[in-house]
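So this one's upload_23.txt, compact mmCIF, C-alpha atoms and all ligand atoms:
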# COMPACT_ATOMS: atom_id res chain seq x y z
CA MET A 1419 106.49 81.38 126.85
CA ALA A 1420 109.77 79.96 125.68
CA SER A 1421 111.53 83.02 124.28
CA ARG A 1422 113.37 83.76 127.53
CA THR A 1423 114.61 81.94 130.60
CA ILE A 1424 111.87 81.03 133.03
CA GLU A 1425 111.54 83.10 136.22
CA MET A 1426 112.15 80.84 139.18
CA ASN A 1427 109.88 80.62 142.21
CA ASP A 1428 109.72 78.18 145.13
CA ARG A 1429 107.08 75.98 143.54
CA ILE A 1430 108.98 75.54 140.29
CA TYR A 1431 112.26 75.12 142.15
CA ASP A 1432 110.80 72.36 144.33
CA TYR A 1433 109.42 70.64 141.25
CA MET A 1434 112.77 70.91 139.49
CA LEU A 1435 114.61 69.28 142.41
CA ALA A 1436 111.93 66.63 142.93
CA HIS A 1437 112.17 65.64 139.29
CA SER A 1438 115.88 65.90 138.62
CA LEU A 1439 118.09 65.93 141.70
CA ARG A 1440 120.05 62.77 142.29
CA GLU A 1441 122.08 63.32 145.42
CA LEU A 1442 123.90 60.55 147.26
CA PRO A 1443 123.34 60.32 151.04
CA VAL A 1444 126.96 61.38 151.58
CA GLN A 1445 126.33 64.56 149.56
CA THR A 1446 123.17 65.31 151.53
CA GLY A 1447 125.15 64.68 154.72
CA LEU A 1448 127.78 67.24 153.73
CA ARG A 1449 125.09 69.78 152.91
CA GLU A 1450 123.45 69.21 156.28
CA ALA A 1451 126.78 69.50 158.10
CA THR A 1452 127.48 72.77 156.26
CA ALA A 1453 123.99 74.17 156.85
CA THR A 1454 124.76 74.66 160.55
CA MET A 1455 127.74 76.91 159.74
CA GLU A 1456 127.74 80.70 159.66
CA TRP A 1457 128.94 80.80 156.02
CA ALA A 1458 126.64 78.04 154.77
CA ARG A 1459 125.34 80.27 151.98
CA MET A 1460 128.71 80.04 150.22
CA GLN A 1461 128.01 76.44 149.24
CA ILE A 1462 126.84 75.82 145.68
CA ALA A 1463 123.28 74.60 145.17
CA PRO A 1464 122.84 70.82 144.80
CA GLU A 1465 121.45 71.14 141.27
CA GLN A 1466 124.59 73.06 140.35
CA GLY A 1467 126.77 70.28 141.75
CA GLN A 1468 124.86 67.80 139.62
CA PHE A 1469 125.19 70.07 136.58
CA MET A 1470 128.95 70.37 137.03
CA ALA A 1471 129.22 66.59 137.47
CA LEU A 1472 127.41 66.14 134.16
CA LEU A 1473 129.74 68.62 132.43
CA VAL A 1474 132.75 66.74 133.77
CA GLU A 1475 131.30 63.48 132.45
CA LEU A 1476 130.44 65.06 129.09
CA ILE A 1477 133.96 66.27 128.41
CA GLY A 1478 135.53 63.11 129.82
CA ALA A 1479 137.54 65.18 132.29
CA ARG A 1480 140.35 63.58 134.31
CA LYS A 1481 142.34 66.53 135.61
CA THR A 1482 140.30 69.30 137.23
CA LEU A 1483 140.95 72.46 139.19
CA GLU A 1484 138.84 74.12 141.85
CA ILE A 1485 139.51 77.62 143.14
CA GLY A 1486 137.46 77.99 146.34
CA THR A 1487 136.53 74.73 148.09
CA PHE A 1488 134.86 75.79 151.38
CA THR A 1489 133.45 72.59 152.97
CA GLY A 1490 133.98 70.61 149.80
CA TYR A 1491 130.56 70.11 148.25
CA SER A 1492 131.55 71.13 144.70
CA ALA A 1493 134.82 69.16 144.95
CA LEU A 1494 132.82 66.12 146.07
CA ALA A 1495 130.35 66.44 143.18
CA VAL A 1496 133.15 66.70 140.63
CA ALA A 1497 135.29 63.96 142.21
CA LEU A 1498 132.34 61.55 142.15
CA ALA A 1499 131.96 62.17 138.40
CA LEU A 1500 135.63 61.53 137.60
CA PRO A 1501 137.13 58.20 136.58
CA ALA A 1502 139.22 56.31 139.15
CA ASP A 1503 142.43 58.06 138.06
CA GLY A 1504 140.78 61.51 138.00
CA ARG A 1505 141.97 64.39 140.17
CA VAL A 1506 140.61 67.60 141.65
CA VAL A 1507 143.31 70.09 142.60
CA ALA A 1508 141.30 71.98 145.21
CA CYS A 1509 142.53 75.42 146.33
CA ASP A 1510 141.40 77.09 149.52
CA ILE A 1511 142.91 79.26 152.20
CA SER A 1512 140.93 77.83 155.11
CA GLU A 1513 141.88 74.74 157.08
CA GLU A 1514 138.76 75.28 159.20
CA PHE A 1515 136.30 75.17 156.28
CA THR A 1516 137.97 72.39 154.29
CA SER A 1517 138.35 70.13 157.34
CA VAL A 1518 134.55 69.87 157.44
CA GLY A 1519 134.60 68.21 154.02
CA ARG A 1520 137.42 65.70 154.46
CA PRO A 1521 135.41 63.02 156.33
CA PHE A 1522 132.70 63.21 153.67
CA TRP A 1523 135.26 62.87 150.88
CA ALA A 1524 136.58 59.77 152.66
CA GLU A 1525 133.10 58.34 153.20
CA ALA A 1526 132.35 58.82 149.50
CA GLY A 1527 135.57 57.00 148.57
CA VAL A 1528 137.02 60.00 146.70
CA ALA A 1529 139.56 61.33 149.22
CA ASP A 1530 142.42 60.08 147.00
CA LYS A 1531 141.05 62.05 144.06
CA ILE A 1532 141.05 65.40 145.89
CA ASP A 1533 144.43 67.09 146.19
CA LEU A 1534 143.73 69.95 148.60
CA ARG A 1535 146.22 72.82 148.39
CA LEU A 1536 145.85 75.12 151.39
CA GLY A 1537 147.07 78.67 150.85
CA PRO A 1538 146.29 81.72 148.74
CA ALA A 1539 144.96 80.33 145.46
CA LEU A 1540 147.00 82.77 143.37
CA ASP A 1541 150.19 81.25 144.81
CA THR A 1542 148.96 77.72 144.13
CA LEU A 1543 148.04 78.60 140.55
CA ASP A 1544 151.39 80.30 139.97
CA ASP A 1545 153.16 77.21 141.39
CA LEU A 1546 151.19 74.99 139.01
CA LEU A 1547 152.17 77.20 136.09
CA LYS A 1548 155.84 77.18 137.19
CA GLU A 1549 155.71 73.38 137.45
CA GLY A 1550 154.71 73.26 133.77
CA ALA A 1551 151.01 72.43 134.23
CA ALA A 1552 149.83 74.99 131.64
CA GLY A 1553 147.48 73.42 129.11
CA THR A 1554 146.97 70.24 131.14
CA PHE A 1555 143.61 70.70 132.95
CA ASP A 1556 140.32 69.54 131.45
CA PHE A 1557 137.99 71.47 133.74
CA ALA A 1558 138.28 74.39 136.17
CA PHE A 1559 135.81 75.98 138.57
CA ILE A 1560 136.33 79.50 139.92
CA ASP A 1561 134.51 80.18 143.20
CA ALA A 1562 136.89 81.95 145.63
CA ASP A 1563 137.31 85.63 146.62
CA LYS A 1564 135.61 87.77 144.00
CA GLY A 1565 138.26 90.52 144.01
CA ASN A 1566 140.71 88.09 142.41
CA TYR A 1567 138.33 86.73 139.78
CA GLY A 1568 140.15 88.48 136.93
CA HIS A 1569 143.47 86.95 138.02
CA TYR A 1570 141.88 83.52 138.53
CA TYR A 1571 140.32 83.72 135.08
CA GLU A 1572 143.64 84.36 133.33
CA ARG A 1573 145.50 81.67 135.26
CA ALA A 1574 142.74 79.07 134.93
CA LEU A 1575 142.61 79.72 131.20
CA ALA A 1576 146.36 79.19 130.95
CA LEU A 1577 146.09 75.93 132.91
CA LEU A 1578 143.27 74.54 130.73
CA ARG A 1579 143.94 72.52 127.62
CA THR A 1580 142.43 73.57 124.30
CA GLY A 1581 138.82 72.36 124.49
CA GLY A 1582 138.93 72.46 128.29
CA LEU A 1583 136.01 73.95 130.16
CA LEU A 1584 135.97 76.76 132.71
CA ALA A 1585 133.00 77.42 135.01
CA VAL A 1586 132.91 80.79 136.77
CA ASP A 1587 130.52 80.98 139.71
CA ASN A 1588 128.33 83.80 141.07
CA VAL A 1589 128.37 85.80 137.86
CA LEU A 1590 124.89 87.20 138.62
CA TRP A 1591 125.79 87.96 142.27
CA SER A 1592 122.16 87.81 143.47
CA GLY A 1593 121.27 90.30 140.74
CA ALA A 1594 123.61 93.00 142.07
CA VAL A 1595 125.62 93.06 138.82
CA ALA A 1596 122.50 94.42 137.06
CA ASP A 1597 121.57 96.89 139.81
CA PRO A 1598 123.04 100.38 139.24
CA THR A 1599 122.70 101.22 142.95
CA GLU A 1600 125.13 98.39 143.85
CA ASP A 1601 128.76 99.43 143.61
CA ASP A 1602 130.75 97.50 146.22
CA ASP A 1603 134.14 95.99 145.37
CA ASP A 1604 132.90 92.43 144.82
CA THR A 1605 130.11 93.54 142.51
CA GLN A 1606 132.54 95.67 140.50
CA ALA A 1607 135.00 92.78 140.26
CA ILE A 1608 132.34 90.39 138.98
CA ARG A 1609 131.05 92.96 136.47
CA ALA A 1610 134.60 93.44 135.21
CA VAL A 1611 135.22 89.73 134.68
CA ASN A 1612 131.80 89.30 133.04
CA GLN A 1613 132.69 92.06 130.60
CA GLU A 1614 136.12 90.60 129.98
CA ILE A 1615 134.81 87.09 129.28
CA HIS A 1616 132.03 88.39 127.01
CA ALA A 1617 134.62 90.08 124.81
CA ASP A 1618 137.24 87.33 125.00
CA GLN A 1619 137.52 85.54 121.67
CA ARG A 1620 139.81 82.89 123.17
CA VAL A 1621 136.69 81.17 124.54
CA SER A 1622 133.20 80.03 123.50
CA ILE A 1623 130.75 80.98 126.23
CA SER A 1624 127.34 80.66 127.79
CA LEU A 1625 126.05 82.33 130.96
CA VAL A 1626 123.82 79.74 132.59
CA PRO A 1627 121.30 81.06 135.17
CA ILE A 1628 121.69 78.13 137.56
CA GLY A 1629 122.45 78.80 141.22
CA ASP A 1630 123.83 82.35 141.38
CA GLY A 1631 124.74 82.29 137.68
CA VAL A 1632 127.57 80.27 136.13
CA THR A 1633 129.50 81.30 133.04
CA LEU A 1634 130.83 78.39 131.02
CA ALA A 1635 133.84 79.17 128.88
CA ARG A 1636 135.39 76.58 126.56
CA LYS A 1637 138.99 77.30 125.65
CA ARG A 1638 139.36 77.54 121.88
N1 LIG B 1701 132.85 75.85 145.97
C1 LIG B 1701 132.51 75.87 147.39
C2 LIG B 1701 131.32 74.94 147.66
O1 LIG B 1701 130.77 74.34 146.75
O2 LIG B 1701 130.92 74.81 148.82
C3 LIG B 1701 132.25 77.25 147.90
C4 LIG B 1701 133.47 78.15 147.91
S1 LIG B 1701 133.25 79.61 148.89
C5 LIG B 1701 132.13 80.54 147.95
C6 LIG B 1701 134.76 80.52 148.69
C7 LIG B 1701 136.00 79.91 149.34
O3 LIG B 1701 137.12 80.65 148.89
C8 LIG B 1701 136.04 79.94 150.86
O4 LIG B 1701 136.12 78.64 151.38
C9 LIG B 1701 137.30 80.72 151.21
O5 LIG B 1701 138.03 80.19 152.28
C10 LIG B 1701 138.09 80.62 149.92
N2 LIG B 1701 139.02 81.73 149.69
C11 LIG B 1701 138.85 83.06 149.92
N3 LIG B 1701 139.95 83.75 149.56
C12 LIG B 1701 140.83 82.83 149.09
C13 LIG B 1701 142.14 82.92 148.56
N4 LIG B 1701 142.77 84.09 148.43
N5 LIG B 1701 142.75 81.78 148.18
C14 LIG B 1701 142.12 80.59 148.27
N6 LIG B 1701 140.88 80.45 148.76
C15 LIG B 1701 140.25 81.56 149.17
CA CA B 1702 129.88 80.40 144.78
Rendering of file as structure tokens:
Amino acid sequence: MASRTIEMNDRIYDYMLAHSLRELPVQTGLREATATMEWARMQIAPEQGQFMALLVELIGARKTLEIGTFTGYSALAVALALPADGRVVACDISEEFTSVGRPFWAEAGVADKIDLRLGPALDTLDDLLKEGAAGTFDFAFIDADKGNYGHYYERALALLRTGGLLAVDNVLWSGAVADPTEDDDDTQAIRAVNQEIHADQRVSISLVPIGDGVTLARKR
């Protein structure tokens, strides 16, 4: 049966990880440190981190943007895939969450590559645009508050160069986007951005059912 995406279960998932995941001890350490936290579920899955690292390698990215860093697992995965002069501009509002990641970034030798900007991400993105950074980023990852996804999408697209790649996280929202009985604000916001990206001819797209669903959008 190859005419649709496989339905995942624990057995297949375990096989997939056992036969594809390559995680450094420092990455496993950060996952374990995060697992004890109340909001641990916000972290991306390890196979998604590896997927994003591969994308970054594939496009030869040097300058990357992250909107929503939490304890820094996705930033670590991307930073590890960047060349020595590569950068992750990492946006988050929480000193508490991001401080968990810093020692792991240092241990991995990528602390210098991660430029953490603490504050509301919309302000950071507007500052970047005011500083003339439009069209200069190779890769961007959107994974912060869902209510602002539409705003993050427009700003990230402006910051990307032509041919740059945007990854939008949680686009399947545990299936809620496809469930007519779900109508909370976050679900509505994700549905709206999914609809917007689907119709947006400024990008080439694919919705990849990895993790909680990731839409890839390449700026034309
Ligand atoms: N990418 C992260 C990872 O791999 O672990 C997970 C990010 S988590 C889903 C979302 C993050 O967005 C949280 O750390 C939260 O503090 C941050 N956030 C929420 N609202 C924000 C805002 N307005 N500006 C910047 N960051 C925000
Ligand atoms: Ca996420």
Item checked: For atom N5 of ligand LIG 1701 (chain B) and CA of Val1444 in chain A, the interatomic separation in Å (one decimal) ->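 So the two atoms, atom N5 of ligand LIG 1701 (chain B) and CA of Val1444 in chain A, lie 26.0 Å apart.
What separates CA of Val1474 in chain A from CA of Cys1509 in chain A is a distance of 18.1 Å.
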Next item on the list: Compile the contact shell of range 1631-1638 of chain A as a list of chain:residue names: residues with an atom at most 7 Å away, counting only C-alpha atoms, same-chain residues fewer than 6 positions apart removed.
Entry: A:Thr1580, A:Gly1581, A:Gly1582, A:Leu1583, A:Leu1584, A:Ala1585, A:Val1586, A:Asp1587, A:Asn1588, A:Val1589, A:Leu1590, A:Arg1620, A:Val1621, A:Ser1622, A:Ile1623, A:Ser1624, A:Leu1625
Restricted to C-alpha atoms, what would the selected residues look like written as a PDB file, in the coordinates of the input?
ATOM      1  CA  THR A1580     142.430  73.570 124.300  1.00  0.00           C
ATOM      2  CA  GLY A1581     138.820  72.360 124.490  1.00  0.00           C
ATOM      3  CA  GLY A1582     138.930  72.460 128.290  1.00  0.00           C
ATOM      4  CA  LEU A1583     136.010  73.950 130.160  1.00  0.00           C
ATOM      5  CA  LEU A1584     135.970  76.760 132.710  1.00  0.00           C
ATOM      6  CA  ALA A1585     133.000  77.420 135.010  1.00  0.00           C
ATOM      7  CA  VAL A1586     132.910  80.790 136.770  1.00  0.00           C
ATOM      8  CA  ASP A1587     130.520  80.980 139.710  1.00  0.00           C
ATOM      9  CA  ASN A1588     128.330  83.800 141.070  1.00  0.00           C
ATOM     10  CA  VAL A1589     128.370  85.800 137.860  1.00  0.00           C
ATOM     11  CA  LEU A1590     124.890  87.200 138.620  1.00  0.00           C
ATOM     12  CA  ARG A1620     139.810  82.890 123.170  1.00  0.00           C
ATOM     13  CA  VAL A1621     136.690  81.170 124.540  1.00  0.00           C
ATOM     14  CA  SER A1622     133.200  80.030 123.500  1.00  0.00           C
ATOM     15  CA  ILE A1623     130.750  80.980 126.230  1.00  0.00           C
ATOM     16  CA  SER A1624     127.340  80.660 127.790  1.00  0.00           C
ATOM     17  CA  LEU A1625     126.050  82.330 130.960  1.00  0.00           C
TER      18      LEU A1625
END
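For the pair CA of Thr1599 in chain A and CA of Asn1612 in chain A, the interatomic distance is 18.0 Å.
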Next item on the list: Please give me, as JSON, numbers by chain, the residues lying within 10 Å of ligand LIG 1701 (chain B) when counting all atoms listed in the file.
Entry: {"A": [1448, 1449, 1452, 1457, 1458, 1459, 1460, 1461, 1462, 1463, 1464, 1466, 1467, 1484, 1485, 1486, 1487, 1488, 1489, 1490, 1491, 1492, 1493, 1494, 1495, 1508, 1509, 1510, 1511, 1512, 1513, 1514, 1515, 1516, 1519, 1535, 1536, 1537, 1538, 1539, 1540, 1541, 1542, 1543, 1559, 1560, 1561, 1562, 1563, 1564, 1565, 1566, 1570, 1587, 1588]}
Residues of the last selection are to be written out with C-alpha atoms, as a PDB file, in the coordinates of the input.
ATOM      1  CA  LEU A1448     127.780  67.240 153.730  1.00  0.00           C
ATOM      2  CA  ARG A1449     125.090  69.780 152.910  1.00  0.00           C
ATOM      3  CA  THR A1452     127.480  72.770 156.260  1.00  0.00           C
ATOM      4  CA  TRP A1457     128.940  80.800 156.020  1.00  0.00           C
ATOM      5  CA  ALA A1458     126.640  78.040 154.770  1.00  0.00           C
ATOM      6  CA  ARG A1459     125.340  80.270 151.980  1.00  0.00           C
ATOM      7  CA  MET A1460     128.710  80.040 150.220  1.00  0.00           C
ATOM      8  CA  GLN A1461     128.010  76.440 149.240  1.00  0.00           C
ATOM      9  CA  ILE A1462     126.840  75.820 145.680  1.00  0.00           C
ATOM     10  CA  ALA A1463     123.280  74.600 145.170  1.00  0.00           C
ATOM     11  CA  PRO A1464     122.840  70.820 144.800  1.00  0.00           C
ATOM     12  CA  GLN A1466     124.590  73.060 140.350  1.00  0.00           C
ATOM     13  CA  GLY A1467     126.770  70.280 141.750  1.00  0.00           C
ATOM     14  CA  GLU A1484     138.840  74.120 141.850  1.00  0.00           C
ATOM     15  CA  ILE A1485     139.510  77.620 143.140  1.00  0.00           C
ATOM     16  CA  GLY A1486     137.460  77.990 146.340  1.00  0.00           C
ATOM     17  CA  THR A1487     136.530  74.730 148.090  1.00  0.00           C
ATOM     18  CA  PHE A1488     134.860  75.790 151.380  1.00  0.00           C
ATOM     19  CA  THR A1489     133.450  72.590 152.970  1.00  0.00           C
ATOM     20  CA  GLY A1490     133.980  70.610 149.800  1.00  0.00           C
ATOM     21  CA  TYR A1491     130.560  70.110 148.250  1.00  0.00           C
ATOM     22  CA  SER A1492     131.550  71.130 144.700  1.00  0.00           C
ATOM     23  CA  ALA A1493     134.820  69.160 144.950  1.00  0.00           C
ATOM     24  CA  LEU A1494     132.820  66.120 146.070  1.00  0.00           C
ATOM     25  CA  ALA A1495     130.350  66.440 143.180  1.00  0.00           C
ATOM     26  CA  ALA A1508     141.300  71.980 145.210  1.00  0.00           C
ATOM     27  CA  CYS A1509     142.530  75.420 146.330  1.00  0.00           C
ATOM     28  CA  ASP A1510     141.400  77.090 149.520  1.00  0.00           C
ATOM     29  CA  ILE A1511     142.910  79.260 152.200  1.00  0.00           C
ATOM     30  CA  SER A1512     140.930  77.830 155.110  1.00  0.00           C
ATOM     31  CA  GLU A1513     141.880  74.740 157.080  1.00  0.00           C
ATOM     32  CA  GLU A1514     138.760  75.280 159.200  1.00  0.00           C
ATOM     33  CA  PHE A1515     136.300  75.170 156.280  1.00  0.00           C
ATOM     34  CA  THR A1516     137.970  72.390 154.290  1.00  0.00           C
ATOM     35  CA  GLY A1519     134.600  68.210 154.020  1.00  0.00           C
ATOM     36  CA  ARG A1535     146.220  72.820 148.390  1.00  0.00           C
ATOM     37  CA  LEU A1536     145.850  75.120 151.390  1.00  0.00           C
ATOM     38  CA  GLY A1537     147.070  78.670 150.850  1.00  0.00           C
ATOM     39  CA  PRO A1538     146.290  81.720 148.740  1.00  0.00           C
ATOM     40  CA  ALA A1539     144.960  80.330 145.460  1.00  0.00           C
ATOM     41  CA  LEU A1540     147.000  82.770 143.370  1.00  0.00           C
ATOM     42  CA  ASP A1541     150.190  81.250 144.810  1.00  0.00           C
ATOM     43  CA  THR A1542     148.960  77.720 144.130  1.00  0.00           C
ATOM     44  CA  LEU A1543     148.040  78.600 140.550  1.00  0.00           C
ATOM     45  CA  PHE A1559     135.810  75.980 138.570  1.00  0.00           C
ATOM     46  CA  ILE A1560     136.330  79.500 139.920  1.00  0.00           C
ATOM     47  CA  ASP A1561     134.510  80.180 143.200  1.00  0.00           C
ATOM     48  CA  ALA A1562     136.890  81.950 145.630  1.00  0.00           C
ATOM     49  CA  ASP A1563     137.310  85.630 146.620  1.00  0.00           C
ATOM     50  CA  LYS A1564     135.610  87.770 144.000  1.00  0.00           C
ATOM     51  CA  GLY A1565     138.260  90.520 144.010  1.00  0.00           C
ATOM     52  CA  ASN A1566     140.710  88.090 142.410  1.00  0.00           C
ATOM     53  CA  TYR A1570     141.880  83.520 138.530  1.00  0.00           C
ATOM     54  CA  ASP A1587     130.520  80.980 139.710  1.00  0.00           C
ATOM     55  CA  ASN A1588     128.330  83.800 141.070  1.00  0.00           C
TER      56      ASN A1588
END
Check: With all atoms listed in the file as the atoms that count, which of A:Tyr1567, A:Leu1547, A:Gly1504, A:Pro1627 lies nearest to Arg1609 in chain A?
Finding: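 Closest residue, counting all atoms listed in the file: A:Tyr1567.
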